[in-house]
>>> print(open('upload.pdb').read())   # PDB, C-alpha atoms and all ligand atoms
ATOM      1  CA  MET A   1      -1.239  -4.501  18.847
ATOM      2  CA  ALA A   2       0.706  -6.272  16.077
ATOM      3  CA  SER A   3      -0.213  -5.702  12.405
ATOM      4  CA  PRO A   4      -1.806  -8.661  10.584
ATOM      5  CA  LEU A   5       0.973 -10.780   9.122
ATOM      6  CA  PHE A   6       1.052 -11.230   5.351
ATOM      7  CA  GLY A   7       1.984 -14.808   4.359
ATOM      8  CA  PRO A   8       3.130 -16.624   1.172
ATOM      9  CA  GLY A   9      -0.415 -16.635  -0.282
ATOM     10  CA  ASP A  10      -0.524 -12.860   0.107
ATOM     11  CA  VAL A  11       2.764 -12.510  -1.820
ATOM     12  CA  LEU A  12       1.262 -14.187  -4.913
ATOM     13  CA  ARG A  13      -2.036 -12.309  -4.518
ATOM     14  CA  LEU A  14      -0.325  -8.901  -4.221
ATOM     15  CA  GLU A  15       2.136  -9.572  -7.058
ATOM     16  CA  LYS A  16      -0.843 -10.284  -9.343
ATOM     17  CA  ALA A  17      -2.970  -7.355  -8.124
ATOM     18  CA  TYR A  18      -0.007  -4.939  -8.371
ATOM     19  CA  ALA A  19       0.620  -5.889 -12.004
ATOM     20  CA  ALA A  20      -2.779  -4.343 -12.893
ATOM     21  CA  PRO A  21      -2.324  -1.281 -15.155
ATOM     22  CA  GLU A  22      -4.023   1.037 -12.645
ATOM     23  CA  ILE A  23      -1.542   0.033  -9.903
ATOM     24  CA  VAL A  24       1.406   0.377 -12.311
ATOM     25  CA  GLU A  25       0.106   3.911 -12.917
ATOM     26  CA  GLN A  26      -0.247   4.486  -9.150
ATOM     27  CA  ARG A  27       3.432   3.601  -8.702
ATOM     28  CA  ALA A  28       4.402   5.941 -11.558
ATOM     29  CA  ARG A  29       2.478   8.810  -9.937
ATOM     30  CA  THR A  30       3.995   8.042  -6.543
ATOM     31  CA  ARG A  31       7.515   8.090  -8.017
ATOM     32  CA  ALA A  32       6.790  11.327  -9.877
ATOM     33  CA  ALA A  33       5.578  12.982  -6.649
ATOM     34  CA  LEU A  34       8.584  11.705  -4.711
ATOM     35  CA  GLY A  35      11.119  12.812  -7.358
ATOM     36  CA  ALA A  36      13.974  10.478  -6.352
ATOM     37  CA  ARG A  37      17.338  11.671  -7.692
ATOM     38  CA  PRO A  38      20.506   9.714  -8.562
ATOM     39  CA  GLY A  39      22.646   9.182  -5.482
ATOM     40  CA  GLU A  40      19.824   9.545  -2.925
ATOM     41  CA  ARG A  41      19.099   7.151  -0.055
ATOM     42  CA  GLY A  42      15.481   6.076   0.331
ATOM     43  CA  LEU A  43      13.395   3.877   2.635
ATOM     44  CA  ASP A  44      10.284   1.962   1.497
ATOM     45  CA  VAL A  45       8.258   1.172   4.642
ATOM     46  CA  GLY A  46       6.034  -1.908   4.228
ATOM     47  CA  CYS A  47       7.615  -2.651   0.841
ATOM     48  CA  GLY A  48       5.463  -5.750   0.224
ATOM     49  CA  PRO A  49       6.794  -7.754  -2.751
ATOM     50  CA  GLY A  50       9.263  -4.970  -3.577
ATOM     51  CA  LEU A  51       7.937  -3.544  -6.856
ATOM     52  CA  LEU A  52       8.154   0.131  -5.894
ATOM     53  CA  ALA A  53      11.488  -0.288  -4.069
ATOM     54  CA  CYS A  54      13.041  -1.845  -7.198
ATOM     55  CA  GLU A  55      11.660   0.933  -9.413
ATOM     56  CA  LEU A  56      13.065   3.544  -7.005
ATOM     57  CA  ALA A  57      16.415   1.719  -6.932
ATOM     58  CA  ARG A  58      16.701   2.283 -10.690
ATOM     59  CA  GLU A  59      16.053   5.999 -10.140
ATOM     60  CA  VAL A  60      18.678   6.479  -7.384
ATOM     61  CA  GLY A  61      21.109   4.323  -9.394
ATOM     62  CA  PRO A  62      24.365   2.692  -8.275
ATOM     63  CA  ALA A  63      25.484   5.813  -6.369
ATOM     64  CA  GLY A  64      22.301   5.700  -4.257
ATOM     65  CA  ARG A  65      20.589   3.101  -2.083
ATOM     66  CA  VAL A  66      17.010   2.016  -1.371
ATOM     67  CA  VAL A  67      16.145  -0.006   1.720
ATOM     68  CA  GLY A  68      12.835  -1.859   1.903
ATOM     69  CA  ILE A  69      11.464  -3.052   5.215
ATOM     70  CA  ASP A  70       8.375  -5.157   5.863
ATOM     71  CA  ALA A  71       6.876  -6.931   8.863
ATOM     72  CA  SER A  72       6.422 -10.075   6.753
ATOM     73  CA  PRO A  73       9.453 -12.360   6.184
ATOM     74  CA  ASP A  74       7.647 -13.783   3.108
ATOM     75  CA  MET A  75       7.406 -10.302   1.548
ATOM     76  CA  ILE A  76      11.106  -9.707   2.253
ATOM     77  CA  GLU A  77      12.046 -13.027   0.638
ATOM     78  CA  ALA A  78       9.948 -12.163  -2.455
ATOM     79  CA  SER A  79      11.510  -8.673  -2.616
ATOM     80  CA  ARG A  80      15.059 -10.060  -2.433
ATOM     81  CA  ALA A  81      14.231 -12.534  -5.213
ATOM     82  CA  ARG A  82      12.837  -9.697  -7.345
ATOM     83  CA  ALA A  83      15.953  -7.540  -6.819
ATOM     84  CA  ALA A  84      18.217 -10.480  -7.769
ATOM     85  CA  ARG A  85      16.114 -11.246 -10.893
ATOM     86  CA  GLU A  86      16.233  -7.608 -11.961
ATOM     87  CA  GLY A  87      19.990  -7.229 -11.341
ATOM     88  CA  LEU A  88      19.457  -4.588  -8.650
ATOM     89  CA  ALA A  89      21.146  -6.278  -5.687
ATOM     90  CA  GLU A  90      23.830  -3.536  -5.622
ATOM     91  CA  CYS A  91      21.424  -0.630  -5.005
ATOM     92  CA  VAL A  92      18.523  -2.107  -3.012
ATOM     93  CA  GLU A  93      18.375  -4.174   0.171
ATOM     94  CA  PHE A  94      15.449  -5.678   2.084
ATOM     95  CA  THR A  95      15.062  -6.500   5.745
ATOM     96  CA  VAL A  96      12.275  -7.480   8.152
ATOM     97  CA  GLY A  97      11.237  -4.479  10.232
ATOM     98  CA  ASP A  98       8.385  -2.642  11.902
ATOM     99  CA  ALA A  99       7.084   0.730  10.669
ATOM    100  CA  SER A 100       6.622   1.849  14.284
ATOM    101  CA  ARG A 101      10.183   0.988  15.347
ATOM    102  CA  LEU A 102      12.595   1.848  12.542
ATOM    103  CA  GLU A 103      16.061   0.475  13.234
ATOM    104  CA  PHE A 104      17.998   3.314  11.596
ATOM    105  CA  PRO A 105      19.806   6.315  13.077
ATOM    106  CA  GLY A 106      18.176   9.741  12.781
ATOM    107  CA  GLU A 107      18.581  11.685   9.510
ATOM    108  CA  THR A 108      19.574   8.629   7.425
ATOM    109  CA  PHE A 109      17.296   9.015   4.379
ATOM    110  CA  ASP A 110      16.526  11.605   1.680
ATOM    111  CA  PHE A 111      13.062  10.121   1.259
ATOM    112  CA  VAL A 112      10.717   7.682   2.954
ATOM    113  CA  VAL A 113       7.734   6.152   1.165
ATOM    114  CA  ALA A 114       4.820   4.150   2.599
ATOM    115  CA  VAL A 115       2.200   2.868   0.152
ATOM    116  CA  GLN A 116      -0.885   1.135   1.509
ATOM    117  CA  VAL A 117       0.846   0.395   4.814
ATOM    118  CA  TYR A 118      -0.292   2.828   7.506
ATOM    119  CA  LEU A 119      -3.871   1.547   7.206
ATOM    120  CA  TYR A 120      -2.522  -1.640   8.852
ATOM    121  CA  VAL A 121      -0.459   0.084  11.549
ATOM    122  CA  HIS A 122      -2.108   0.528  14.953
ATOM    123  CA  GLU A 123       0.510   2.967  16.238
ATOM    124  CA  VAL A 124       0.277   5.219  13.189
ATOM    125  CA  GLU A 125       1.329   8.381  15.096
ATOM    126  CA  ARG A 126       4.458   6.572  16.222
ATOM    127  CA  ALA A 127       5.141   5.289  12.687
ATOM    128  CA  LEU A 128       4.920   8.842  11.296
ATOM    129  CA  ALA A 129       7.212  10.132  14.046
ATOM    130  CA  GLU A 130       9.677   7.371  13.154
ATOM    131  CA  ALA A 131       9.563   8.295   9.453
ATOM    132  CA  ALA A 132      10.188  11.932  10.403
ATOM    133  CA  ARG A 133      13.081  10.941  12.668
ATOM    134  CA  VAL A 134      14.977   8.954  10.021
ATOM    135  CA  LEU A 135      14.531  11.660   7.340
ATOM    136  CA  LYS A 136      17.300  14.159   6.703
ATOM    137  CA  ARG A 137      16.348  17.837   6.943
ATOM    138  CA  GLY A 138      14.658  18.765   3.662
ATOM    139  CA  GLY A 139      13.806  15.086   3.079
ATOM    140  CA  ARG A 140      10.413  13.960   1.735
ATOM    141  CA  HIS A 141       7.871  11.485   3.063
ATOM    142  CA  ALA A 142       5.399  10.196   0.439
ATOM    143  CA  ILE A 143       2.322   8.313   1.616
ATOM    144  CA  VAL A 144      -0.367   6.595  -0.436
ATOM    145  CA  ASP A 145      -3.366   5.354   1.509
ATOM    146  CA  THR A 146      -7.051   4.553   1.026
ATOM    147  CA  ASP A 147     -10.255   5.714   2.636
ATOM    148  CA  TRP A 148     -12.534   2.716   2.109
ATOM    149  CA  ASP A 149     -15.578   5.024   2.252
ATOM    150  CA  SER A 150     -14.507   6.021  -1.291
ATOM    151  CA  CYS A 151     -15.172   2.511  -2.634
ATOM    152  CA  VAL A 152     -18.013   2.317  -5.189
ATOM    153  CA  TRP A 153     -18.892  -1.153  -6.513
ATOM    154  CA  LEU A 154     -21.964  -1.987  -8.602
ATOM    155  CA  THR A 155     -23.783  -4.888  -6.952
ATOM    156  CA  ALA A 156     -27.282  -6.417  -7.095
ATOM    157  CA  ASP A 157     -27.881  -5.957  -3.355
ATOM    158  CA  ARG A 158     -26.584  -2.738  -1.815
ATOM    159  CA  ASP A 159     -27.428  -3.738   1.781
ATOM    160  CA  ARG A 160     -25.526  -7.011   1.414
ATOM    161  CA  HIS A 161     -22.632  -5.151  -0.167
ATOM    162  CA  ARG A 162     -22.542  -2.700   2.763
ATOM    163  CA  ARG A 163     -22.378  -5.634   5.212
ATOM    164  CA  VAL A 164     -19.508  -7.216   3.206
ATOM    165  CA  MET A 165     -17.507  -3.990   3.206
ATOM    166  CA  GLU A 166     -18.177  -3.267   6.896
ATOM    167  CA  ALA A 167     -16.876  -6.719   7.820
ATOM    168  CA  ARG A 168     -13.922  -6.452   5.406
ATOM    169  CA  VAL A 169     -12.657  -3.114   6.739
ATOM    170  CA  GLY A 170     -12.562  -4.694  10.217
ATOM    171  CA  HIS A 171      -9.239  -6.132   9.021
ATOM    172  CA  PHE A 172      -7.638  -2.658   8.885
ATOM    173  CA  ALA A 173      -6.332  -0.738  11.879
ATOM    174  CA  ASN A 174      -7.151   2.551  10.059
ATOM    175  CA  PRO A 175      -9.681   2.086   7.221
ATOM    176  CA  HIS A 176     -10.315   5.860   6.987
ATOM    177  CA  LEU A 177      -6.832   7.329   7.448
ATOM    178  CA  PRO A 178      -6.384   9.833   4.547
ATOM    179  CA  PRO A 179      -8.594  12.661   5.908
ATOM    180  CA  ARG A 180      -6.585  12.537   9.153
ATOM    181  CA  LEU A 181      -3.164  12.472   7.497
ATOM    182  CA  PRO A 182      -2.618  16.237   7.021
ATOM    183  CA  GLY A 183      -3.104  16.735  10.791
ATOM    184  CA  LEU A 184      -1.072  13.659  11.717
ATOM    185  CA  LEU A 185       1.825  14.707   9.462
ATOM    186  CA  ARG A 186       1.856  18.150  11.044
ATOM    187  CA  ALA A 187       1.827  16.578  14.538
ATOM    188  CA  ALA A 188       4.842  14.462  13.475
ATOM    189  CA  GLY A 189       6.743  17.653  12.653
ATOM    190  CA  LEU A 190       6.398  17.345   8.860
ATOM    191  CA  ARG A 191       5.157  20.033   6.456
ATOM    192  CA  LEU A 192       2.574  19.042   3.843
ATOM    193  CA  ALA A 193       3.951  19.934   0.396
ATOM    194  CA  ASN A 194       1.605  18.152  -1.985
ATOM    195  CA  ALA A 195      -1.655  16.189  -1.870
ATOM    196  CA  GLY A 196      -3.639  14.489  -4.603
ATOM    197  CA  VAL A 197      -6.058  11.724  -5.471
ATOM    198  CA  ILE A 198      -5.253   8.636  -7.526
ATOM    199  CA  PRO A 199      -8.544   7.170  -8.693
ATOM    200  CA  LEU A 200      -8.748   3.475  -9.539
ATOM    201  CA  LEU A 201     -11.527   2.768 -12.047
ATOM    202  CA  ASN A 202     -12.541  -0.576 -13.545
ATOM    203  CA  LEU A 203     -15.405  -0.721 -16.041
ATOM    204  CA  ARG A 204     -15.020  -4.393 -16.999
ATOM    205  CA  CYS A 205     -14.936  -7.649 -15.017
ATOM    206  CA  ASP A 206     -11.366  -8.242 -16.197
ATOM    207  CA  PRO A 207      -9.388 -10.862 -14.190
ATOM    208  CA  ALA A 208      -6.243  -8.718 -14.701
ATOM    209  CA  SER A 209      -7.852  -5.665 -13.081
ATOM    210  CA  PHE A 210      -7.199  -4.598  -9.508
ATOM    211  CA  SER A 211     -10.797  -4.938  -8.325
ATOM    212  CA  VAL A 212     -11.405  -8.433  -9.711
ATOM    213  CA  GLY A 213      -8.064  -9.389  -8.146
ATOM    214  CA  ILE A 214      -9.294  -8.395  -4.678
ATOM    215  CA  ILE A 215     -12.774 -10.020  -4.794
ATOM    216  CA  GLY A 216     -11.569 -13.317  -3.264
ATOM    217  CA  ALA A 217      -9.517 -11.700  -0.492
ATOM    218  CA  THR A 218     -12.338  -9.237   0.270
ATOM    219  CA  LYS A 219     -14.777 -12.114   0.662
ATOM    220  CA  ASN A 220     -12.426 -14.195   2.827
ATOM    221  CA  LEU A 221     -11.592 -11.266   5.109
ATOM    222  CA  ALA A 222     -15.286 -10.371   5.465
ATOM    223  CA  VAL A 223     -16.023 -13.970   6.528
ATOM    224  CA  ARG A 224     -13.073 -13.905   8.941
ATOM    225  CA  HIS A 225     -14.563 -10.764  10.469
ATOM    226  CA  GLY A 226     -18.032 -12.223  11.018
ATOM    227  CA  LEU A 227     -19.970 -12.155   7.722
ATOM    228  CA  PRO A 228     -21.971 -15.397   7.120
ATOM    229  CA  ARG A 229     -20.237 -17.512   4.435
ATOM    230  CA  ALA A 230     -23.430 -17.908   2.328
ATOM    231  CA  GLU A 231     -23.873 -14.139   2.155
ATOM    232  CA  ALA A 232     -20.227 -13.624   1.164
ATOM    233  CA  ASP A 233     -20.494 -16.332  -1.531
ATOM    234  CA  ALA A 234     -23.618 -14.683  -2.991
ATOM    235  CA  TRP A 235     -21.830 -11.297  -3.070
ATOM    236  CA  GLU A 236     -18.862 -12.829  -4.910
ATOM    237  CA  ALA A 237     -21.056 -14.756  -7.383
ATOM    238  CA  ASP A 238     -22.935 -11.557  -8.277
ATOM    239  CA  LEU A 239     -19.713  -9.638  -9.033
ATOM    240  CA  ARG A 240     -18.131 -12.463 -11.039
ATOM    241  CA  SER A 241     -21.319 -12.895 -13.130
ATOM    242  CA  ARG A 242     -21.021  -9.308 -14.453
ATOM    243  CA  THR A 243     -19.087 -10.221 -17.580
ATOM    244  CA  GLU A 244     -21.130  -8.279 -20.146
ATOM    245  CA  ASP A 245     -20.071  -4.754 -21.097
ATOM    246  CA  GLY A 246     -21.941  -2.201 -19.007
ATOM    247  CA  GLN A 247     -22.609  -4.558 -16.081
ATOM    248  CA  TYR A 248     -19.442  -3.944 -14.058
ATOM    249  CA  PHE A 249     -18.301  -0.816 -12.202
ATOM    250  CA  PHE A 250     -15.634  -0.372  -9.494
ATOM    251  CA  SER A 251     -13.943   2.776  -8.250
ATOM    252  CA  LEU A 252     -11.686   3.500  -5.285
ATOM    253  CA  ASN A 253      -9.652   6.554  -4.350
ATOM    254  CA  ARG A 254      -6.042   6.360  -3.267
ATOM    255  CA  PHE A 255      -4.785   9.559  -1.614
ATOM    256  CA  LEU A 256      -1.204  10.695  -2.144
ATOM    257  CA  PHE A 257       0.567  13.026   0.298
ATOM    258  CA  VAL A 258       4.108  14.343   0.210
ATOM    259  CA  ALA A 259       5.413  16.073   3.347
ATOM    260  CA  THR A 260       8.853  17.495   3.970
ATOM    261  CA  LYS A 261      11.026  17.683   7.091
ATOM    262  CA  PRO A 262      11.805  21.367   7.796
TER     263      PRO A 262
HETATM  264  C1  LIG A 301      -1.014  -3.876   1.030
HETATM  265  S1  LIG A 301       0.653  -4.252   1.234
HETATM  266  C2  LIG A 301       1.482  -2.904   0.408
HETATM  267  C3  LIG A 301       2.828  -3.305  -0.128
HETATM  268  C4  LIG A 301       3.613  -2.215  -0.866
HETATM  269  N1  LIG A 301       3.839  -1.039  -0.069
HETATM  270  C5  LIG A 301       2.972  -1.838  -2.179
HETATM  271  O1  LIG A 301       2.094  -0.972  -2.216
HETATM  272  O2  LIG A 301       3.303  -2.464  -3.179
HETATM  273  C6  LIG A 301       0.933  -3.861   2.926
HETATM  274  C7  LIG A 301       2.294  -4.287   3.420
HETATM  275  O3  LIG A 301       2.539  -3.638   4.670
HETATM  276  C8  LIG A 301       3.203  -4.547   5.507
HETATM  277  N2  LIG A 301       3.005  -4.113   6.900
HETATM  278  C9  LIG A 301       1.871  -4.065   7.608
HETATM  279  N3  LIG A 301       2.086  -3.581   8.831
HETATM  280  C10 LIG A 301       3.422  -3.296   8.913
HETATM  281  C11 LIG A 301       4.267  -2.759   9.923
HETATM  282  N4  LIG A 301       3.796  -2.413  11.137
HETATM  283  N5  LIG A 301       5.581  -2.607   9.652
HETATM  284  C12 LIG A 301       6.075  -2.969   8.428
HETATM  285  N6  LIG A 301       5.319  -3.482   7.443
HETATM  286  C13 LIG A 301       4.007  -3.643   7.672
HETATM  287  C14 LIG A 301       2.567  -5.887   5.176
HETATM  288  O4  LIG A 301       3.369  -6.981   5.585
HETATM  289  C15 LIG A 301       2.409  -5.777   3.669
HETATM  290  O5  LIG A 301       3.527  -6.291   2.985
END
>>> encode(input="upload.pdb", output="structure tokens")
Amino acid sequence: MASPLFGPGDVLRLEKAYAAPEIVEQRARTRAALGARPGERGLDVGCGPGLLACELAREVGPAGRVVGIDASPDMIEASRARAAREGLAECVEFTVGDASRLEFPGETFDFVVAVQVYLYVHEVERALAEAARVLKRGGRHAIVDTDWDSCVWLTADRDRHRRVMEARVGHFANPHLPPRLPGLLRAAGLRLANAGVIPLLNLRCDPASFSVGIIGATKNLAVRHGLPRAEADAWEADLRSRTEDGQYFFSLNRFLFVATKP
């Protein structure tokens, strides 16, 4: 089955959400775990609006190359515009592509990274096998993904909140992927080298925070997946009303894995 397509509205939404300090920090931790070196070739699978790919392009420098692929032509257009704006067109390129069918020869890349992508990919075993195939021997695959069971959000009505989240995660092919990843990486022929947790924590209803940035999309996706509109509106109104200090709490775990190709 095809992954849900991200459109122009999603580009703007993700660019805003990914400017949140906690997501900037997530990218920094991902880059630190990956350890890209000058001159290396890297692949960013599901690059979205291209923030991480451009940061990695600076690390590999003019002697290296980063390729970003994404299923969404709108994300690729936004990524190309970002690279041009940031003067990186020489060391990064972007193209439409599918995580499960990588159009590169075997052993092309020193590293492959996939951040918040495999949760959308139905053929995740195939996508991991593809990442392993295009890696050089000794190459690294870094993955950041979410288990939505780790989401804690302070709300007035816990039963309503549970119904919102159950409907919302219906949008993902794999809403609980991280606990399975060590086994899936091994099955793909990769060796787990490093695993960690990146906690996202918001204690204020700040419009610039990640969690406030995803309230609207969470509500809309829950409605699309069967939640009554009135219930979704009431859930959103409760969260947005929590503007006083001490009234707002959100936490979500991102899980970071780095596996190598023996
Ligand atoms: C939540 S965004 C993450 C973007 C980016 N990796 C980041 O963290 O900044 C998920 C991205 O994965 C892309 N995507 C989903 N399924 C895909 C697939 N099968 N192949 C390639 N890209 C895919 C979407 O188009 C979207 O841009």
>>> closest_atom_pairs(input="upload.pdb", of="region 6-57 of chain A", to="region 120-123 of chain A", cutoff="12 Å", atoms="all atoms listed in the file", output="tab-separated table")
residue	atom	partner	partner_atom	distance
A:Phe6	CA	A:Tyr120	CA	10.8
A:Val45	CA	A:Val121	CA	11.2
A:Gly46	CA	A:Tyr120	CA	9.7
>>> residues_around(input="upload.pdb", residues="Thr243 (chain A)", least_positions_apart="2", cutoff="12 Å", atoms="all atoms listed in the file", output="list in words")
Leu203, Arg204, Cys205, Asp206, Pro207, Val212, Ala237, Asp238, Leu239, Arg240, Ser241, Asp245, Gly246, Gln247, Tyr248 and Phe249 of chain A
>>> closest_residue(input="upload.pdb", among="A:Gly97, A:Gly9, A:Gly64, A:Gly87", to="ligand LIG 301 (chain A)", atoms="all atoms listed in the file")
A:Gly97
>>> resolve_selection(input="upload.pdb", expression="the PyMOL selection byres (((not hetatm)) within 8 of (chain A and resi 301))", output="PyMOL selection string")
chain A and resi 2-6+11+14+18+44-52+69-72+75+96-100+114-118+120-122+127
>>> atom_distance(input="upload.pdb", atom1="CA of Phe104 (chain A)", atom2="CA of Val67 (chain A)")
10.6 Å
>>> resolve_selection(input="upload.pdb", expression="the PyMOL selection byres (((chain A and resi 152) around 9) and not hetatm)", output="PyMOL selection string")
chain A and resi 149-151+153-154+249-252
>>> closest_residue(input="upload.pdb", among="A:Ala230, A:Leu221, A:Leu190, A:Cys91", to="Arg140 (chain A)", atoms="all atoms listed in the file")
A:Leu190
>>> closest_residue(input="upload.pdb", among="A:Glu59, A:Asp157, A:Glu107, A:Glu90", to="Val134 (chain A)", atoms="all atoms listed in the file")
A:Glu107
>>> atom_distance(input="upload.pdb", atom1="CA of Ala173 (chain A)", atom2="CA of Leu119 (chain A)")
5.8 Å
>>> residues_near_point(input="upload.pdb", point="(21.7, 7.4, -2.9)", cutoff="6 Å", atoms="all atoms listed in the file", output="ChimeraX atom specification")
/A:39-41,60,63-65
>>> write_last_selection(input="upload.pdb", atoms="C-alpha atoms", output="mmCIF file, keeping the file's coordinate frame")
data_model
loop_
_atom_site.group_PDB
_atom_site.id
_atom_site.type_symbol
_atom_site.label_atom_id
_atom_site.label_comp_id
_atom_site.auth_asym_id
_atom_site.auth_seq_id
_atom_site.Cartn_x
_atom_site.Cartn_y
_atom_site.Cartn_z
ATOM 1 C CA GLY A 39 22.646 9.182 -5.482
ATOM 2 C CA GLU A 40 19.824 9.545 -2.925
ATOM 3 C CA ARG A 41 19.099 7.151 -0.055
ATOM 4 C CA VAL A 60 18.678 6.479 -7.384
ATOM 5 C CA ALA A 63 25.484 5.813 -6.369
ATOM 6 C CA GLY A 64 22.301 5.700 -4.257
ATOM 7 C CA ARG A 65 20.589 3.101 -2.083
#
>>> resolve_selection(input="upload.pdb", expression="the PyMOL selection byres (((chain A and resi 223) around 12) and not hetatm)", output="list in words")
Arg163, Val164, Met165, Glu166, Ala167, Arg168, Val169, Gly170, His171, Gly216, Ala217, Thr218, Lys219, Asn220, Leu221, Ala222, Arg224, His225, Gly226, Leu227, Pro228, Arg229, Ala230, Glu231, Ala232, Asp233, Trp235 and Glu236 of chain A
>>> atom_distance(input="upload.pdb", atom1="CA of Cys54 (chain A)", atom2="CA of Ser79 (chain A)")
8.4 Å
>>> closest_residue(input="upload.pdb", among="A:Gly138, A:Pro62, A:Pro73, A:Pro175", to="Pro8 (chain A)", atoms="only C-alpha atoms")
A:Pro73
>>> residues_around(input="upload.pdb", residues="region 34-36 of chain A", least_positions_apart="3", cutoff="10 Å", atoms="only C-alpha atoms", output="list in words")
Ala28, Arg29, Thr30, Arg31, Gly39, Glu40, Arg41, Gly42, Leu56, Ala57, Arg58, Glu59, Val60, Gly61, Gly64, Asp110, Phe111, Val112, Val113, Gly139, Arg140, His141, Ala142, Ile143, Asn194, Phe257, Val258 and Ala259 of chain A
>>> closest_residue(input="upload.pdb", among="A:Arg82, A:Arg162, A:Arg126, A:Arg133", to="Leu184 (chain A)", atoms="all atoms listed in the file")
A:Arg126
>>> closest_residue(input="upload.pdb", among="A:Ala20, A:Leu12, A:Ala208, A:Ala131", to="Leu43 (chain A)", atoms="only C-alpha atoms")
A:Ala131
>>> residues_around(input="upload.pdb", residues="Ala187 (chain A)", least_positions_apart="5", cutoff="9 Å", atoms="all atoms listed in the file", output="JSON list (two decimals) with C-alpha atoms, in the frame of the given file")
[["chain", "number", "residue", "atom", "x", "y", "z"],
["A", 125, "GLU", "CA", 1.33, 8.38, 15.10],
["A", 128, "LEU", "CA", 4.92, 8.84, 11.30],
["A", 129, "ALA", "CA", 7.21, 10.13, 14.05],
["A", 182, "PRO", "CA", -2.62, 16.24, 7.02]]
